[in-house]
$ cat model.csv   # CSV, C-alpha atoms
chain,number,residue,atom,x,y,z
A,16,MET,CA,28.1,49.2,-15.6
A,17,LYS,CA,27.5,49.4,-11.9
A,18,ARG,CA,27.4,46.2,-9.8
A,19,ILE,CA,24.0,45.0,-8.9
A,20,THR,CA,23.3,44.9,-5.1
A,21,GLY,CA,20.3,43.6,-3.2
A,22,ARG,CA,18.8,42.7,0.1
A,23,LEU,CA,16.3,40.3,1.7
A,24,VAL,CA,12.8,41.6,2.6
A,25,SER,CA,10.0,39.7,4.3
A,26,LYS,CA,6.5,40.5,3.2
A,27,ASN,CA,3.3,38.6,3.9
A,28,ASP,CA,5.4,35.8,5.4
A,29,LYS,CA,7.3,35.4,2.1
A,30,TRP,CA,10.9,36.1,1.3
A,31,TYR,CA,11.7,38.6,-1.5
A,32,ALA,CA,14.9,39.8,-3.1
A,33,VAL,CA,14.9,43.6,-3.6
A,34,LEU,CA,17.6,44.3,-6.2
A,35,ASN,CA,19.1,47.7,-7.0
A,36,LEU,CA,19.1,47.9,-10.8
A,37,TYR,CA,20.4,50.8,-13.0
A,38,ASP,CA,19.2,52.1,-16.3
A,39,THR,CA,21.5,53.3,-19.1
A,40,GLU,CA,21.7,56.8,-17.5
A,41,GLY,CA,22.8,55.3,-14.2
A,42,LYS,CA,19.5,56.0,-12.4
A,43,ARG,CA,18.7,53.4,-9.8
A,44,LYS,CA,15.4,51.5,-9.6
A,45,GLN,CA,14.4,48.7,-7.3
A,46,LYS,CA,13.1,45.3,-8.5
A,47,TRP,CA,11.2,42.9,-6.2
A,48,ILE,CA,11.6,39.2,-7.0
A,49,GLY,CA,9.8,36.5,-5.1
A,50,LEU,CA,12.1,33.7,-3.8
A,51,ASP,CA,9.4,31.1,-3.6
A,52,LEU,CA,10.2,30.6,0.1
A,53,GLU,CA,8.1,31.1,3.2
A,54,ASP,CA,9.5,33.3,6.0
A,55,LYS,CA,9.6,30.9,8.9
A,56,ARG,CA,12.2,29.6,11.3
A,57,GLY,CA,15.2,28.2,9.6
A,58,THR,CA,14.6,29.5,6.0
A,59,LYS,CA,16.7,32.7,6.1
A,60,THR,CA,19.9,30.9,5.2
A,61,GLU,CA,18.3,29.4,2.2
A,62,ALA,CA,16.8,32.8,1.3
A,63,ASN,CA,20.3,34.4,1.4
A,64,HIS,CA,21.5,31.5,-0.8
A,65,ARG,CA,18.9,32.3,-3.4
A,66,LEU,CA,19.5,36.0,-3.2
A,67,ASN,CA,23.2,35.5,-4.0
A,68,ASN,CA,22.4,33.2,-6.9
A,69,LEU,CA,20.2,36.0,-8.3
A,70,LEU,CA,22.9,38.6,-7.9
A,71,ALA,CA,25.4,36.3,-9.6
A,72,GLN,CA,23.0,36.0,-12.5
A,73,TYR,CA,22.5,39.7,-12.9
A,74,ASN,CA,26.1,40.7,-12.4
A,75,VAL,CA,28.0,38.0,-14.4
A,76,GLY,CA,25.4,35.9,-16.1
A,77,ASP,CA,24.3,32.3,-16.1
A,78,LEU,CA,27.7,30.9,-17.2
A,79,TYR,CA,29.5,32.4,-14.3
A,80,LEU,CA,26.7,31.1,-12.0
A,81,GLN,CA,27.0,27.5,-13.2
A,82,GLU,CA,30.8,27.6,-12.8
A,83,THR,CA,30.8,29.0,-9.3
A,84,MET,CA,27.9,26.8,-8.0
A,85,THR,CA,28.8,23.7,-6.0
A,86,HIS,CA,27.9,20.3,-7.3
A,87,ALA,CA,25.1,20.1,-4.7
A,88,ASP,CA,23.7,23.5,-5.8
A,89,ARG,CA,23.7,22.4,-9.4
A,90,GLU,CA,22.0,19.2,-8.5
A,91,ARG,CA,19.3,21.0,-6.5
A,92,ASN,CA,18.8,23.4,-9.4
A,93,ARG,CA,18.5,20.6,-11.9
A,94,ILE,CA,15.9,18.7,-9.9
A,95,ALA,CA,13.9,21.9,-9.0
A,96,ASN,CA,13.5,22.5,-12.7
A,97,MET,CA,12.6,18.9,-13.6
A,98,LEU,CA,9.1,18.1,-14.8
A,99,VAL,CA,7.1,16.4,-12.0
A,100,GLU,CA,6.6,13.1,-13.8
A,101,ASP,CA,10.4,12.8,-14.5
A,102,TYR,CA,11.3,13.6,-10.9
A,103,LEU,CA,8.9,10.9,-9.6
A,104,ALA,CA,10.4,8.3,-12.0
A,105,GLU,CA,14.0,9.2,-10.8
A,106,PHE,CA,12.9,9.2,-7.2
A,107,LEU,CA,11.4,5.8,-7.4
A,108,GLU,CA,14.5,4.3,-9.0
A,109,GLN,CA,16.8,5.9,-6.5
A,110,HIS,CA,14.7,4.7,-3.6
A,111,ARG,CA,14.0,1.2,-4.8
A,112,PRO,CA,16.3,-0.3,-2.1
A,113,ASN,CA,14.3,1.4,0.6
A,114,VAL,CA,10.9,-0.2,-0.1
A,115,SER,CA,9.8,-3.8,-0.7
A,116,ALA,CA,9.7,-5.1,-4.2
A,117,SER,CA,5.9,-5.2,-4.2
A,118,THR,CA,5.6,-1.6,-3.0
A,119,HIS,CA,8.0,-0.4,-5.6
A,120,THR,CA,6.1,-2.3,-8.3
A,121,ASN,CA,2.8,-0.7,-7.1
A,122,TYR,CA,4.4,2.8,-7.1
A,123,VAL,CA,5.7,2.3,-10.7
A,124,ARG,CA,2.2,1.3,-11.8
A,125,MET,CA,0.7,4.3,-10.1
A,126,LEU,CA,3.1,6.6,-11.9
A,127,ASP,CA,2.7,5.0,-15.3
A,128,SER,CA,-1.0,4.6,-15.3
A,129,ARG,CA,-2.2,7.7,-13.5
A,130,MET,CA,0.4,10.3,-12.6
A,131,LYS,CA,2.2,10.6,-15.9
A,132,PRO,CA,-1.0,11.0,-18.0
A,133,PHE,CA,-2.2,13.7,-15.5
A,134,PHE,CA,0.9,15.8,-15.0
A,135,LYS,CA,2.6,15.5,-18.4
A,136,PRO,CA,0.2,17.9,-20.3
A,137,MET,CA,0.7,20.5,-17.4
A,138,LYS,CA,4.4,20.7,-18.0
A,139,LEU,CA,4.7,21.4,-14.3
A,140,LYS,CA,8.1,21.7,-12.7
A,141,VAL,CA,9.0,20.3,-9.2
A,142,LYS,CA,9.5,23.8,-7.8
A,143,GLU,CA,6.0,24.9,-9.1
A,144,VAL,CA,3.9,22.2,-7.5
A,145,THR,CA,1.3,23.3,-5.0
A,146,GLY,CA,-1.5,21.7,-3.1
A,147,ASP,CA,-3.9,22.9,-5.8
A,148,GLU,CA,-2.4,20.7,-8.4
A,149,LEU,CA,-2.4,17.7,-6.1
A,150,ASN,CA,-6.0,18.2,-5.1
A,151,ALA,CA,-6.9,18.3,-8.8
A,152,TYR,CA,-5.1,15.0,-9.2
A,153,TYR,CA,-6.9,13.4,-6.3
A,154,THR,CA,-10.2,14.6,-7.7
A,155,ALA,CA,-9.3,13.2,-11.1
A,156,ILE,CA,-8.4,9.7,-9.9
A,157,ARG,CA,-11.5,9.5,-7.7
A,158,SER,CA,-13.6,10.5,-10.7
A,159,ASP,CA,-12.1,7.6,-12.5
A,160,GLY,CA,-13.4,5.2,-9.9
A,161,LEU,CA,-10.5,4.7,-7.6
A,162,THR,CA,-11.4,4.1,-4.0
A,163,GLY,CA,-10.4,6.4,-1.2
A,164,ALA,CA,-8.0,3.9,0.2
A,165,THR,CA,-6.3,3.6,-3.2
A,166,ALA,CA,-6.1,7.4,-3.5
A,167,GLN,CA,-4.5,7.5,-0.1
A,168,ARG,CA,-1.7,5.2,-1.4
A,169,HIS,CA,-1.2,7.7,-4.3
A,170,HIS,CA,-1.0,10.5,-1.7
A,171,ALA,CA,1.5,8.5,0.4
A,172,MET,CA,3.8,8.0,-2.6
A,173,LEU,CA,3.7,11.7,-3.5
A,174,HIS,CA,4.2,12.7,0.1
A,175,ARG,CA,7.3,10.5,0.3
A,176,ALA,CA,8.8,11.9,-2.9
A,177,PHE,CA,8.3,15.6,-2.1
A,178,LYS,CA,9.4,15.0,1.5
A,179,GLN,CA,12.8,13.9,0.1
A,180,ALA,CA,12.9,17.0,-2.1
A,181,VAL,CA,12.4,19.2,1.0
A,182,LYS,CA,15.1,17.2,2.9
A,183,ARG,CA,17.5,18.0,0.1
A,184,ARG,CA,16.6,21.7,0.1
A,185,ILE,CA,15.2,21.4,-3.5
A,186,ILE,CA,11.8,22.9,-2.4
A,187,PRO,CA,11.0,24.8,0.8
A,188,SER,CA,8.0,22.8,1.9
A,189,ASN,CA,6.0,19.7,1.0
A,190,PRO,CA,3.1,20.5,-1.3
A,191,CYS,CA,1.3,17.4,0.0
A,192,GLN,CA,0.8,19.3,3.3
A,193,GLN,CA,-1.1,22.0,1.5
A,194,ALA,CA,-3.4,19.4,-0.2
A,195,ASP,CA,-6.3,17.5,1.3
A,196,ARG,CA,-5.5,13.9,2.0
A,197,PRO,CA,-8.1,11.7,0.3
A,198,LYS,CA,-10.7,10.2,2.6
A,199,SER,CA,-11.6,6.6,2.5
A,200,VAL,CA,-14.6,4.5,3.5
A,201,PRO,CA,-13.5,1.5,5.6
A,202,PHE,CA,-13.5,-1.5,3.4
A,203,ILE,CA,-15.7,-4.5,4.5
A,204,GLY,CA,-14.6,-7.6,2.7
A,205,SER,CA,-17.1,-10.1,1.5
A,206,TYR,CA,-16.9,-13.7,2.7
A,207,TYR,CA,-18.6,-17.1,2.3
A,208,ASN,CA,-20.5,-18.8,5.1
A,209,ALA,CA,-19.8,-22.5,5.9
A,210,GLU,CA,-22.3,-23.8,3.3
A,211,GLU,CA,-20.9,-21.6,0.5
A,212,LEU,CA,-17.4,-22.6,1.3
A,213,LYS,CA,-18.3,-26.3,1.2
A,214,GLU,CA,-20.0,-25.8,-2.2
A,215,LEU,CA,-16.8,-24.1,-3.5
A,216,LEU,CA,-14.6,-26.9,-2.2
A,217,ARG,CA,-16.8,-29.5,-3.9
A,218,SER,CA,-16.6,-27.6,-7.2
A,219,ILE,CA,-12.8,-27.5,-7.4
A,220,GLU,CA,-12.2,-31.2,-7.7
A,221,GLY,CA,-9.5,-31.8,-10.3
A,222,ASP,CA,-8.9,-28.0,-10.8
A,223,PRO,CA,-5.3,-26.7,-11.3
A,224,ILE,CA,-5.6,-24.4,-8.2
A,225,ARG,CA,-7.5,-26.8,-6.0
A,226,LEU,CA,-4.7,-27.0,-3.4
A,227,VAL,CA,-4.2,-23.3,-3.5
A,228,VAL,CA,-7.9,-22.7,-2.7
A,229,LEU,CA,-7.9,-25.4,0.1
A,230,LEU,CA,-4.9,-23.8,1.8
A,231,ALA,CA,-6.3,-20.3,1.6
A,232,ALA,CA,-9.7,-21.5,3.0
A,233,TYR,CA,-8.4,-23.7,5.8
A,234,TYR,CA,-5.6,-21.4,7.0
A,235,GLY,CA,-6.7,-18.0,5.9
A,236,LEU,CA,-3.4,-17.5,4.1
A,237,ARG,CA,-2.6,-14.5,1.9
A,238,ARG,CA,-2.2,-15.3,-1.8
A,239,SER,CA,1.6,-14.7,-1.6
A,240,GLU,CA,1.8,-17.0,1.5
A,241,VAL,CA,0.1,-19.9,-0.3
A,242,LEU,CA,2.2,-19.7,-3.4
A,243,GLY,CA,5.4,-19.3,-1.2
A,244,LEU,CA,4.8,-22.5,0.7
A,245,LYS,CA,7.7,-24.9,0.4
A,246,TRP,CA,7.8,-28.6,1.2
A,247,SER,CA,10.4,-27.9,3.8
A,248,ALA,CA,7.8,-25.9,5.7
A,249,VAL,CA,5.7,-29.0,6.3
A,250,ASP,CA,6.7,-31.3,9.1
A,251,PHE,CA,4.7,-34.5,8.6
A,252,THR,CA,6.2,-35.9,11.8
A,253,ALA,CA,5.5,-33.0,14.2
A,254,LYS,CA,2.2,-32.4,12.2
A,255,THR,CA,2.9,-28.6,11.6
A,256,ILE,CA,3.1,-26.2,8.7
A,257,SER,CA,5.2,-23.1,8.9
A,258,ILE,CA,4.4,-19.8,7.1
A,259,ARG,CA,7.7,-18.2,6.5
A,260,HIS,CA,8.1,-17.6,2.7
A,261,LYS,CA,6.2,-15.6,0.1
A,262,ILE,CA,6.1,-15.2,-3.7
A,263,LEU,CA,5.6,-11.8,-5.2
A,264,GLU,CA,5.4,-10.3,-8.7
A,265,GLU,CA,8.2,-7.9,-9.3
A,266,GLU,CA,8.4,-5.5,-12.3
A,267,THR,CA,11.8,-5.4,-14.1
A,268,LYS,CA,13.0,-3.9,-17.3
A,269,SER,CA,12.4,-7.3,-19.0
A,270,GLY,CA,8.8,-7.6,-17.6
A,271,ILE,CA,7.1,-9.1,-14.6
A,272,VAL,CA,9.0,-11.8,-12.8
A,273,LEU,CA,8.2,-14.0,-9.8
A,274,LYS,CA,10.5,-13.7,-6.7
A,275,GLY,CA,10.5,-15.5,-3.5
A,276,TYR,CA,11.2,-13.7,-0.1
A,277,ASP,CA,11.8,-14.9,3.4
A,278,VAL,CA,11.0,-11.4,4.7
A,279,MET,CA,7.2,-11.5,5.5
A,280,LYS,CA,4.8,-8.6,5.7
A,281,THR,CA,5.2,-8.4,9.5
A,282,LYS,CA,7.2,-10.3,12.1
A,283,SER,CA,4.1,-12.0,13.2
A,284,SER,CA,3.4,-13.2,9.7
A,285,HIS,CA,6.1,-15.9,10.5
A,286,ARG,CA,3.9,-18.5,12.2
A,287,THR,CA,3.7,-22.2,12.7
A,288,LEU,CA,0.3,-23.8,12.6
A,289,PRO,CA,-1.1,-27.4,13.2
A,290,LEU,CA,-1.2,-29.6,10.1
A,291,ILE,CA,-4.9,-30.2,9.6
A,292,PRO,CA,-5.5,-33.9,8.7
A,293,GLN,CA,-7.4,-33.2,5.5
A,294,ILE,CA,-4.6,-30.8,4.3
A,295,GLU,CA,-2.0,-33.4,5.3
A,296,GLU,CA,-3.8,-35.9,3.1
A,297,GLU,CA,-4.0,-33.4,0.2
A,298,LEU,CA,-0.3,-32.6,0.5
A,299,LEU,CA,0.7,-36.2,0.5
A,300,ILE,CA,-1.3,-36.8,-2.7
A,301,GLU,CA,0.2,-33.7,-4.3
A,302,ARG,CA,3.7,-34.8,-3.5
A,303,GLU,CA,3.1,-38.2,-5.1
A,304,LYS,CA,1.5,-36.5,-8.1
A,305,GLN,CA,4.5,-34.2,-8.6
A,306,ALA,CA,6.9,-37.1,-8.3
A,307,GLU,CA,5.0,-39.1,-10.9
A,308,LEU,CA,4.8,-36.1,-13.3
A,309,GLN,CA,8.6,-35.6,-12.9
A,310,ARG,CA,9.2,-39.3,-13.7
A,311,VAL,CA,7.0,-39.4,-16.7
A,312,MET,CA,7.9,-36.0,-18.3
A,313,ARG,CA,11.6,-36.2,-17.5
A,314,SER,CA,13.4,-33.2,-18.9
A,315,ALA,CA,10.1,-31.4,-19.9
A,316,TYR,CA,9.3,-31.1,-16.2
A,317,SER,CA,11.0,-28.0,-14.6
A,318,LYS,CA,13.1,-28.7,-11.5
A,319,GLN,CA,13.8,-25.0,-10.9
A,320,HIS,CA,10.9,-24.8,-8.4
A,321,ALA,CA,11.0,-28.3,-7.0
A,322,GLU,CA,11.1,-26.9,-3.4
A,323,TYR,CA,7.7,-25.3,-3.8
A,324,ILE,CA,4.3,-27.0,-3.2
A,325,CYS,CA,2.1,-25.0,-5.5
A,326,VAL,CA,3.4,-25.6,-9.0
A,327,ASP,CA,1.6,-26.4,-12.3
A,328,ALA,CA,1.7,-29.6,-14.3
A,329,LEU,CA,5.1,-28.7,-15.8
A,330,GLY,CA,6.6,-27.8,-12.4
A,331,HIS,CA,6.5,-24.0,-12.9
A,332,LEU,CA,5.4,-21.7,-10.1
A,333,ILE,CA,1.7,-20.8,-10.3
A,334,THR,CA,1.5,-17.0,-10.7
A,335,PRO,CA,-0.5,-14.7,-8.4
A,336,GLN,CA,-2.3,-13.2,-11.4
A,337,TYR,CA,-3.4,-16.7,-12.6
A,338,VAL,CA,-4.8,-17.5,-9.2
A,339,SER,CA,-6.9,-14.4,-9.1
A,340,ASN,CA,-8.2,-14.7,-12.6
A,341,HIS,CA,-8.8,-18.4,-12.6
A,342,PHE,CA,-10.6,-18.2,-9.2
A,343,GLN,CA,-13.2,-15.9,-10.9
A,344,VAL,CA,-13.6,-18.5,-13.7
A,345,ILE,CA,-14.3,-21.2,-11.1
A,346,LEU,CA,-17.0,-19.1,-9.4
A,347,LYS,CA,-18.7,-18.2,-12.6
A,348,ALA,CA,-18.6,-21.7,-14.0
A,349,ASN,CA,-20.3,-23.1,-10.9
A,350,GLY,CA,-22.8,-20.3,-10.3
A,351,LEU,CA,-21.2,-19.2,-7.0
A,352,ARG,CA,-21.4,-15.8,-5.5
A,353,LYS,CA,-18.6,-13.5,-6.7
A,354,ILE,CA,-15.8,-12.8,-4.1
A,355,ARG,CA,-12.1,-12.1,-4.4
A,356,PHE,CA,-9.5,-14.8,-3.8
A,357,HIS,CA,-8.4,-12.7,-0.8
A,358,ASP,CA,-11.9,-13.0,0.6
A,359,LEU,CA,-11.2,-16.7,1.4
A,360,ARG,CA,-9.0,-15.2,4.2
A,361,HIS,CA,-12.0,-13.2,5.4
A,362,SER,CA,-14.2,-16.4,5.1
A,363,CYS,CA,-11.8,-18.3,7.3
A,364,ALA,CA,-11.8,-15.6,10.0
A,365,SER,CA,-15.6,-15.3,9.9
A,366,LEU,CA,-16.1,-19.0,10.4
A,367,LEU,CA,-13.7,-18.9,13.4
A,368,LEU,CA,-15.6,-16.0,14.9
A,369,ALA,CA,-19.0,-17.7,14.3
A,370,ASN,CA,-17.7,-20.6,16.3
A,371,ASN,CA,-16.7,-18.5,19.3
A,372,ILE,CA,-12.9,-18.6,18.7
A,373,PRO,CA,-11.4,-15.6,20.6
A,374,MET,CA,-10.1,-12.7,18.6
A,375,LYS,CA,-6.6,-13.2,20.0
A,376,MET,CA,-6.5,-16.7,18.7
A,377,ILE,CA,-7.7,-15.5,15.3
A,378,GLN,CA,-5.0,-12.9,15.3
A,379,ASP,CA,-2.4,-15.6,15.8
A,380,TRP,CA,-3.9,-17.9,13.1
A,381,LEU,CA,-4.0,-15.1,10.5
A,382,GLY,CA,-0.6,-13.6,11.4
A,383,HIS,CA,-1.7,-10.1,12.2
A,384,SER,CA,0.9,-7.9,13.9
A,385,ASP,CA,-1.6,-6.9,16.7
A,386,MET,CA,-5.1,-7.7,17.8
A,387,ALA,CA,-6.3,-4.2,16.9
A,388,THR,CA,-5.8,-5.0,13.2
A,389,THR,CA,-7.9,-8.2,13.6
A,390,ALA,CA,-10.6,-6.4,15.5
A,391,ASP,CA,-10.8,-3.5,13.0
A,392,ILE,CA,-11.2,-5.9,10.1
A,393,TYR,CA,-13.6,-8.4,11.6
A,394,SER,CA,-15.5,-6.7,14.4
A,395,HIS,CA,-18.5,-6.2,12.1
A,396,ILE,CA,-18.9,-10.0,11.9
A,397,ASP,CA,-18.2,-10.8,15.6
A,398,SER,CA,-21.7,-12.3,16.1
A,399,ALA,CA,-20.8,-14.0,19.4
A,400,SER,CA,-20.0,-10.8,21.3
A,401,LYS,CA,-23.0,-9.0,19.8
A,402,LEU,CA,-25.3,-11.8,20.9
A,403,THR,CA,-23.8,-11.6,24.4
A,404,SER,CA,-24.4,-7.9,24.4
A,405,ALA,CA,-28.0,-8.3,23.2
A,406,ASN,CA,-28.7,-10.9,25.9
A,407,THR,CA,-27.2,-8.7,28.6
A,408,ILE,CA,-29.2,-5.6,27.6
A,409,GLU,CA,-32.4,-7.6,27.4
A,410,GLU,CA,-31.9,-9.0,30.9
A,411,VAL,CA,-31.1,-5.6,32.4
A,412,LEU,CA,-34.0,-3.8,30.8
A,413,SER,CA,-36.6,-6.5,30.6
A,414,VAL,CA,-40.1,-5.6,31.9
A,415,VAL,CA,-42.4,-8.3,33.5
A,416,PRO,CA,-45.4,-8.7,31.1
A,417,GLU,CA,-48.7,-7.3,32.4
A,418,GLU,CA,-50.4,-10.6,32.7
A,419,ASN,CA,-47.6,-12.1,34.8
A,420,ARG,CA,-47.7,-9.4,37.5
A,421,GLN,CA,-49.2,-10.3,40.8
A,422,GLN,CA,-52.5,-8.8,41.5
A,423,GLU,CA,-52.1,-5.9,43.8
A,424,VAL,CA,-54.1,-6.2,47.0
A,425,PRO,CA,-55.7,-2.9,48.0
A,426,CYS,CA,-54.5,-1.7,51.4
A,427,ASN,CA,-57.4,-1.2,53.8
A,428,LEU,CA,-56.4,1.7,56.0
A,429,HIS,CA,-59.4,1.3,58.2
A,430,ALA,CA,-59.0,-2.4,58.9

$ encode --input "model.csv" --output "structure tokens"
Amino acid sequence: MKRITGRLVSKNDKWYAVLNLYDTEGKRKQKWIGLDLEDKRGTKTEANHRLNNLLAQYNVGDLYLQETMTHADRERNRIANMLVEDYLAEFLEQHRPNVSASTHTNYVRMLDSRMKPFFKPMKLKVKEVTGDELNAYYTAIRSDGLTGATAQRHHAMLHRAFKQAVKRRIIPSNPCQQADRPKSVPFIGSYYNAEELKELLRSIEGDPIRLVVLLAAYYGLRRSEVLGLKWSAVDFTAKTISIRHKILEEETKSGIVLKGYDVMKTKSSHRTLPLIPQIEEELLIEREKQAELQRVMRSAYSKQHAEYICVDALGHLITPQYVSNHFQVILKANGLRKIRFHDLRHSCASLLLANNIPMKMIQDWLGHSDMATTADIYSHIDSASKLTSANTIEEVLSVVPEENRQQEVPCNLHA
């Protein structure tokens, strides 16, 4: 049997292997095989690599190919032939150290709840994914009610996974670049005005998350920041409270667990704020209450989280999910307008804006990384600047009413 030879050919901006095959009579015929690779700068080496693999398969067979391939080649070949959902799961596990715990948990939830059910019936391999399949996925999740911003997070995860596959020369290009990135409508958070906030604060007297709500409303803290507050962060002498720790839910093999982190969302999230007198009073009451519960309940009271401010009656950390769910119970039970717990942060910012606090000061209070972030979120409720603009334009374009004009005196040219 004659040895199979071949060459590379570029056609329509794609690389092809043209093999010289022979029939039983020794007559030669050519066979064109697509290499699934675009002809662009830097891809010819990879094209040659794929051509040589093909020739090895045709001349010696798969066994010889596997024995002569390097470990890296075998690994690339393995991943290229993985089903998409299996590759994504492997990618997330390998790159767990490169993202925050909350980001990893969210990615796993995206994969399990949306991506696996969509891609599994397709039996689609990594090397077969195109922008068409991804566009179909984005359409499906949008049809299920996901917002554009959420769909963009799905896109970001997929883009990161396939970018890694390109970097490792598993696939020639990122299919996400062939897909249409989902569009989003800017989210405008709801918020309470001063009267609504006062009504809410009156209604939580004696509630298990009363202190959590107070801290979120007065300081505009994120949920993770409120639950992460430690007694050591409060300086009753200097009258300050420092935001430098957070509590997040993390998904593990044994289930969801709570973990504390000193690494905040951004560098500016680390901030020290004045201790508001009413909050100081509430904290002192809470400290005495916890000491009394610990004395009365003895061993039944958990000392594991004694350093944290927001704990339940048994000394356990209050979970983020409980805060969100119970907050809705409070609103419904008291006939209050429905908002999210995070909207207390928006409510705090709106009250500051309504009372002419400059945007820069609000940025520092909320712990945003730059003022552009604050302006993007809250410019729609910046009533003070809009009122100034309205007054200015009225002054510039105002017309003297007809009745107030001085009577014109006719000019007598013959006088």

$ closest_residue --input "model.csv" --among "A:Ser365, A:Asn113, A:Ser128, A:Ser158" --to "A:Arg175" --atoms "only C-alpha atoms"
A:Asn113

$ residues_near_point --input "model.csv" --point "(-2.0, 23.3, -0.7)" --cutoff "6 Å" --atoms "all atoms listed in the file" --output "ChimeraX atom specification"
/A:145-147,190,193-194

$ atom_distance --input "model.csv" --atom1 "atom CA of A:Gly21" --atom2 "atom CA of A:Leu70"
7.3 Å

$ residues_near_point --input "model.csv" --point "(-6.9, -25.8, -8.9)" --cutoff "12 Å" --atoms "only C-alpha atoms" --output "JSON, numbers by chain"
{"A": [215, 216, 217, 218, 219, 220, 221, 222, 223, 224, 225, 226, 227, 228, 229, 230, 231, 301, 325, 326, 327, 328, 333, 337, 338, 339, 340, 341, 342, 343, 344, 345]}

$ residues_around --input "model.csv" --residues "A:Tyr102" --least-positions-apart "6" --cutoff "9 Å" --atoms "all atoms listed in the file" --output "NGL selection string"
:A and (94-95 or 140-141 or 176)

$ closest_residue --input "model.csv" --among "A:Pro335, A:Pro373, A:Gly235, A:Gly57" --to "A:Arg360" --atoms "all atoms listed in the file"
A:Gly235

$ atom_distance --input "model.csv" --atom1 "atom CA of A:Ser188" --atom2 "atom CA of A:Lys135"
22.2 Å

$ decode --input "model.csv" --residues "stretch 137-141 of chain A" --atoms "all heavy atoms" --output "PDB file, in the first residue's frame"
ATOM      1  N   MET A 137     -28.317  18.721  22.610  1.00  0.00           N
ATOM      2  CA  MET A 137     -27.675  18.980  21.315  1.00  0.00           C
ATOM      3  C   MET A 137     -26.474  18.079  21.074  1.00  0.00           C
ATOM      4  O   MET A 137     -26.038  17.914  19.933  1.00  0.00           O
ATOM      5  CB  MET A 137     -27.235  20.451  21.246  1.00  0.00           C
ATOM      6  CG  MET A 137     -28.363  21.442  21.402  1.00  0.00           C
ATOM      7  SD  MET A 137     -27.777  23.162  21.494  1.00  0.00           S
ATOM      8  CE  MET A 137     -27.273  23.422  19.804  1.00  0.00           C
ATOM      9  N   LYS A 138     -25.909  17.520  22.154  1.00  0.00           N
ATOM     10  CA  LYS A 138     -24.702  16.690  22.050  1.00  0.00           C
ATOM     11  C   LYS A 138     -23.620  17.405  21.231  1.00  0.00           C
ATOM     12  O   LYS A 138     -23.008  16.837  20.320  1.00  0.00           O
ATOM     13  CB  LYS A 138     -25.026  15.321  21.448  1.00  0.00           C
ATOM     14  CG  LYS A 138     -26.055  14.522  22.257  1.00  0.00           C
ATOM     15  CD  LYS A 138     -26.219  13.129  21.712  1.00  0.00           C
ATOM     16  CE  LYS A 138     -27.288  12.351  22.488  1.00  0.00           C
ATOM     17  NZ  LYS A 138     -27.022  12.260  23.909  1.00  0.00           N
ATOM     18  N   LEU A 139     -23.415  18.639  21.576  1.00  0.00           N
ATOM     19  CA  LEU A 139     -22.503  19.508  20.836  1.00  0.00           C
ATOM     20  C   LEU A 139     -21.102  19.454  21.432  1.00  0.00           C
ATOM     21  O   LEU A 139     -20.923  19.617  22.640  1.00  0.00           O
ATOM     22  CB  LEU A 139     -23.042  20.946  20.885  1.00  0.00           C
ATOM     23  CG  LEU A 139     -22.392  22.003  20.008  1.00  0.00           C
ATOM     24  CD1 LEU A 139     -22.648  21.703  18.532  1.00  0.00           C
ATOM     25  CD2 LEU A 139     -22.931  23.379  20.377  1.00  0.00           C
ATOM     26  N   LYS A 140     -20.103  19.229  20.578  1.00  0.00           N
ATOM     27  CA  LYS A 140     -18.718  19.185  21.029  1.00  0.00           C
ATOM     28  C   LYS A 140     -18.126  20.592  21.025  1.00  0.00           C
ATOM     29  O   LYS A 140     -18.582  21.470  20.297  1.00  0.00           O
ATOM     30  CB  LYS A 140     -17.888  18.265  20.136  1.00  0.00           C
ATOM     31  CG  LYS A 140     -18.306  16.804  20.199  1.00  0.00           C
ATOM     32  CD  LYS A 140     -17.450  15.953  19.282  1.00  0.00           C
ATOM     33  CE  LYS A 140     -17.862  14.488  19.346  1.00  0.00           C
ATOM     34  NZ  LYS A 140     -17.050  13.650  18.427  1.00  0.00           N
ATOM     35  N   VAL A 141     -17.075  20.762  21.816  1.00  0.00           N
ATOM     36  CA  VAL A 141     -16.431  22.071  21.927  1.00  0.00           C
ATOM     37  C   VAL A 141     -15.982  22.566  20.559  1.00  0.00           C
ATOM     38  O   VAL A 141     -16.175  23.738  20.216  1.00  0.00           O
ATOM     39  CB  VAL A 141     -15.231  21.992  22.896  1.00  0.00           C
ATOM     40  CG1 VAL A 141     -14.427  23.291  22.862  1.00  0.00           C
ATOM     41  CG2 VAL A 141     -15.699  21.702  24.303  1.00  0.00           C
TER      42      VAL A 141
END
